[in-house]
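Reviewing the structure listed below.
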Amino acid sequence: MCSVDQRIFKRLDEVKVMRDPIHGYIHVSYEIIWAIINHPIFQRLRRIKQMGSSYIVYHTAEHTRFAHSLGVYEIVQRMCYENKYINAAIDEKDKIIVMLAALLHDIGHGPFSHAFESVFPFSHEEYSVKIIENSSLAILLDSYSENLSKEVADIIAHKSNKTLLVSMISSQLDADRMDYLLRDAYFTGTKYGEYDLERVLRTLRVKDGKLVVKESGMHTIEDYIMARYHMYWQVYYHPVARSFEAILHKIFTRMKDLYEIDKHALDDVEIFKPLLENNLTLEDHFLLDEYACVYGFERLINHQDKIISDLCRRLRDRDLFEYVESKDVDEEKLASKLLQLGFDPRYYMAQDKVRQSPYQPYRGSDERGILILMADGKIEELSKASMIVNSLAKGISKDDHKIFFPREAM
Ligand code: CA
């Protein structure tokens, strides 16, 4: 028997490997990591898609947060063991803590997060911390080392003073982005998201407790920034996926309005009730996955309320809203046209504005740009060291403002 604080170091009898199209294999050697992967709360991530609505445009973009979370874990583990500078900078216990944080960073996600969080006061970050600190996962973690649950949650919540570990999980050059760019590019069949992960991992260094990139690795980082820029505009912000999101948003809005008028209006779809009551317990959160949600929408097609029924049917049949540039449309005219056609604009007209700048030299007080370790040993922020990134950072961030409505009003 080993004491609780030694148990965290317990290794499996043999290394577990899982095949993965992005990393080749995912390697697990610690018992605690394997126990977390096999826990029902982690397994739930198999029922949440990584890209939400993008599968409606890119038909193979059906990969899950489960696969992505394993990928982020694998990248962090490679940072810890294959990069000798990081390996030397972090003790063994902190390596396990940061690998756990990688595995659990998305644990609080709900189904169709984007649309959900725009209607209900729900934040997946908040739930990630709640789940790690208060559910059966916390009991499991703490049985391997006292206070482990809190140490892991603090990394994810940016509360930890171990800034190197925090930046490996969440910064402009973190394992989260490194995995999702490659994974999303692979599963959408686009080439934009590709960059040389091997070289990024090889050129990472630690300087004064910070993660930096050595100068000769800078071109790979430029490529990574460009990959991100293209993926946003070509994939993540695709207007058809946003049209799907707009309908989801309207379904949740209509649900909320129906429930306010009559508390029994949605008795058929119990699964949404805790959300409507603004009382989503951890048990409710566990049950609320995309399968449950889709089943709920399916049932609502038969609802007597014509609006919710029609919106849910549109979602199922991919009878999505059309869209135009906001500047090209007179919204009042469009609203009255919709009314004439029998569409209540509150539920049939949506605005969506997205904005993205490819790289931010400074963001908030705790987040810095990517740091480059120059040949002379000095540290330069990326936009100062790279001409390409410099001009990108100076350029005005691009935005896209669209209006969505049923094609009948075209
Ligand atoms: Ca993530």
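In the structure tokens, chains take letters A, B, ... by order of appearance, with residues numbered from 1 within each chain and ligands from 1 in the order shown.
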
Mind checking DSSP for region 54-266 of chain A and telling me the strand (DSSP E) residues as an MDAnalysis selection string? chainID A and resid 204:207 210:214

At most 12 Å from ligand 1 (only C-alpha atoms and all ligand atoms): residue list as an MDAnalysis selection string: chainID A and resid 45 48:51 64:73 101:109 113 124:125 128 156 169:171 174:181 183:184

Can you list, as a ChimeraX atom specification, every protein, DNA or RNA residue that comes within 6 Å of region 23-33 of chain A when you count only C-alpha atoms, leaving out same-chain residues fewer than 3 positions away? /A:10-12,15-20,36,74

Separation of CA of Val76 (chain A) and CA of Met168 (chain A), in Å? 7.1 Å

Mind the document's chain letters and residue numbers, and return as an NGL selection string the residues of region 261-297 of chain A that DSSP labels alpha helix (DSSP H). :A and (261 or 273-276 or 282-287 or 290-297)

Please report the interatomic distance between CA of Leu300 (chain A) and CA of Asp319 (chain A) in Å with one decimal. 16.0 Å

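Distances here use only C-alpha atoms; by that measure, the residue among A:Ala409, A:Leu173, A:Met79, A:Met99 closest to Ile225 (chain A) is A:Leu173.
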
Which polymer residues have any atom within 10 Å of an atom of region 386-399 of chain A, counting only C-alpha atoms, with same-chain residues fewer than 6 positions away left out, as a list of chain:residue names?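 Using only C-alpha atoms, the neighbours found are A:Glu215, A:Met218, A:His219, A:Ile221, A:Glu222, A:Asp223, A:Ile225, A:Met226, A:Tyr229, A:Trp233, A:Lys353, A:Val354, A:Arg355, A:Gln356, A:Ser357, A:Pro358, A:Tyr359, A:Gln360, A:Pro361, A:Ile372, A:Glu380.
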
Choose the residue, out of A:Arg78, A:Tyr144, A:Tyr58, A:Asn87, that has the smallest atom-to-atom separation from Arg7 (chain A); count only C-alpha atoms.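 Distance minimum relative to Arg7 (chain A) lands on A:Tyr144.
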
Which of these residues is nearest to Phe297 (chain A), using only C-alpha atoms: A:His285, A:Lys256, A:Arg316, A:Arg407?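 Among the listed residues, A:Arg316 lies closest to Phe297 (chain A).
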
When you count only C-alpha atoms, which of these residues is closest to Phe321 (chain A): A:Asp208, A:Glu245, A:Asp94, A:Asp344?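 Ranked by minimum distance to Phe321 (chain A), first place goes to A:Glu245.
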
As a short mmCIF file (atom, residue, chain, number, x, y, z; two decimals) with all heavy atoms, in the first residue's frame, please: the residues near region 53-57 of chain A (cut-off 8 Å, only C-alpha atoms, same-chain neighbours under 5 positions excluded).
```
data_model
loop_
_atom_site.label_atom_id
_atom_site.label_comp_id
_atom_site.auth_asym_id
_atom_site.auth_seq_id
_atom_site.Cartn_x
_atom_site.Cartn_y
_atom_site.Cartn_z
N GLU A 62 -17.54 15.42 -37.53
CA GLU A 62 -18.35 14.82 -36.46
C GLU A 62 -17.49 14.40 -35.28
O GLU A 62 -17.96 13.68 -34.40
CB GLU A 62 -19.08 13.58 -37.01
CG GLU A 62 -20.00 13.87 -38.18
CD GLU A 62 -21.47 13.73 -37.83
OE1 GLU A 62 -21.80 13.64 -36.64
OE2 GLU A 62 -22.28 13.72 -38.78
N PHE A 112 -23.91 21.94 -28.17
CA PHE A 112 -24.05 23.16 -28.98
C PHE A 112 -23.73 24.40 -28.13
O PHE A 112 -24.51 25.34 -28.04
CB PHE A 112 -25.47 23.28 -29.54
CG PHE A 112 -25.94 22.06 -30.28
CD1 PHE A 112 -26.97 21.27 -29.77
CD2 PHE A 112 -25.38 21.69 -31.49
CE1 PHE A 112 -27.40 20.14 -30.46
CE2 PHE A 112 -25.80 20.57 -32.18
CZ PHE A 112 -26.82 19.79 -31.66
N VAL A 235 -13.74 28.08 -41.99
CA VAL A 235 -14.43 26.96 -41.33
C VAL A 235 -15.30 27.42 -40.16
O VAL A 235 -16.53 27.30 -40.21
CB VAL A 235 -13.41 25.89 -40.88
CG1 VAL A 235 -14.11 24.76 -40.13
CG2 VAL A 235 -12.64 25.33 -42.07
N TYR A 236 -14.66 27.96 -39.11
CA TYR A 236 -15.44 28.25 -37.89
C TYR A 236 -16.53 29.29 -38.13
O TYR A 236 -17.59 29.22 -37.52
CB TYR A 236 -14.50 28.73 -36.76
CG TYR A 236 -13.42 27.74 -36.42
CD1 TYR A 236 -12.09 28.12 -36.29
CD2 TYR A 236 -13.72 26.39 -36.25
CE1 TYR A 236 -11.10 27.20 -35.99
CE2 TYR A 236 -12.74 25.46 -35.96
CZ TYR A 236 -11.43 25.87 -35.83
OH TYR A 236 -10.46 24.97 -35.55
N HIS A 238 -18.09 29.91 -40.99
CA HIS A 238 -18.83 29.65 -42.23
C HIS A 238 -20.30 30.07 -42.06
O HIS A 238 -20.95 29.67 -41.09
CB HIS A 238 -18.74 28.16 -42.57
CG HIS A 238 -19.16 27.87 -43.98
ND1 HIS A 238 -20.47 28.00 -44.39
CD2 HIS A 238 -18.44 27.50 -45.06
CE1 HIS A 238 -20.53 27.71 -45.67
NE2 HIS A 238 -19.32 27.40 -46.10
N VAL A 240 -23.09 29.20 -43.33
CA VAL A 240 -24.13 28.16 -43.24
C VAL A 240 -24.16 27.54 -41.84
O VAL A 240 -25.23 27.29 -41.28
CB VAL A 240 -23.94 27.09 -44.35
CG1 VAL A 240 -24.94 25.96 -44.17
CG2 VAL A 240 -24.11 27.73 -45.73
N ALA A 241 -23.00 27.34 -41.25
CA ALA A 241 -22.95 26.84 -39.87
C ALA A 241 -23.56 27.88 -38.93
O ALA A 241 -24.25 27.53 -37.97
CB ALA A 241 -21.52 26.52 -39.46
N ARG A 242 -23.33 29.14 -39.22
CA ARG A 242 -23.91 30.21 -38.38
C ARG A 242 -25.42 30.27 -38.55
O ARG A 242 -26.14 30.65 -37.63
CB ARG A 242 -23.26 31.55 -38.71
CG ARG A 242 -21.86 31.66 -38.07
CD ARG A 242 -20.98 32.66 -38.77
NE ARG A 242 -21.48 34.01 -38.71
CZ ARG A 242 -21.12 34.96 -39.57
NH1 ARG A 242 -20.28 34.69 -40.56
NH2 ARG A 242 -21.63 36.18 -39.45
N PHE A 244 -27.32 27.62 -39.00
CA PHE A 244 -27.76 26.53 -38.13
C PHE A 244 -27.77 27.00 -36.67
O PHE A 244 -28.74 26.78 -35.93
CB PHE A 244 -26.80 25.35 -38.33
CG PHE A 244 -27.16 24.08 -37.59
CD1 PHE A 244 -27.94 23.11 -38.19
CD2 PHE A 244 -26.66 23.85 -36.31
CE1 PHE A 244 -28.24 21.92 -37.53
CE2 PHE A 244 -26.96 22.66 -35.64
CZ PHE A 244 -27.74 21.70 -36.25
N GLU A 245 -26.70 27.69 -36.28
CA GLU A 245 -26.60 28.23 -34.92
C GLU A 245 -27.74 29.23 -34.65
O GLU A 245 -28.28 29.28 -33.55
CB GLU A 245 -25.28 28.98 -34.72
CG GLU A 245 -24.05 28.11 -34.81
CD GLU A 245 -23.65 27.50 -33.48
OE1 GLU A 245 -24.09 28.00 -32.42
OE2 GLU A 245 -22.91 26.50 -33.51
N ARG A 318 -32.40 20.41 -42.27
CA ARG A 318 -31.41 21.35 -42.81
C ARG A 318 -32.07 22.37 -43.74
O ARG A 318 -31.52 22.76 -44.75
CB ARG A 318 -30.28 20.60 -43.54
CG ARG A 318 -28.99 21.41 -43.70
CD ARG A 318 -27.94 20.60 -44.46
NE ARG A 318 -26.67 21.30 -44.59
CZ ARG A 318 -26.37 22.18 -45.56
NH1 ARG A 318 -27.27 22.47 -46.48
NH2 ARG A 318 -25.19 22.75 -45.60
#
```

Å distance separating CA of Tyr195 (chain A) from CA of Pro239 (chain A), one decimal place: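 Spanning CA of Tyr195 (chain A) to CA of Pro239 (chain A) is a straight-line distance of 24.9 Å.
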
Determine the nearest neighbour of Leu141 (chain A) from the options A:Leu182, A:Ile155, A:Val213, A:Val4, counting only C-alpha atoms.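 Of all the options, A:Val4 lies closest to Leu141 (chain A).
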
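Here the question is which of A:Tyr323, A:Phe286, A:Tyr127, A:Tyr295 gets nearest to Ile41 (chain A) using only C-alpha atoms, and that residue is A:Phe286.
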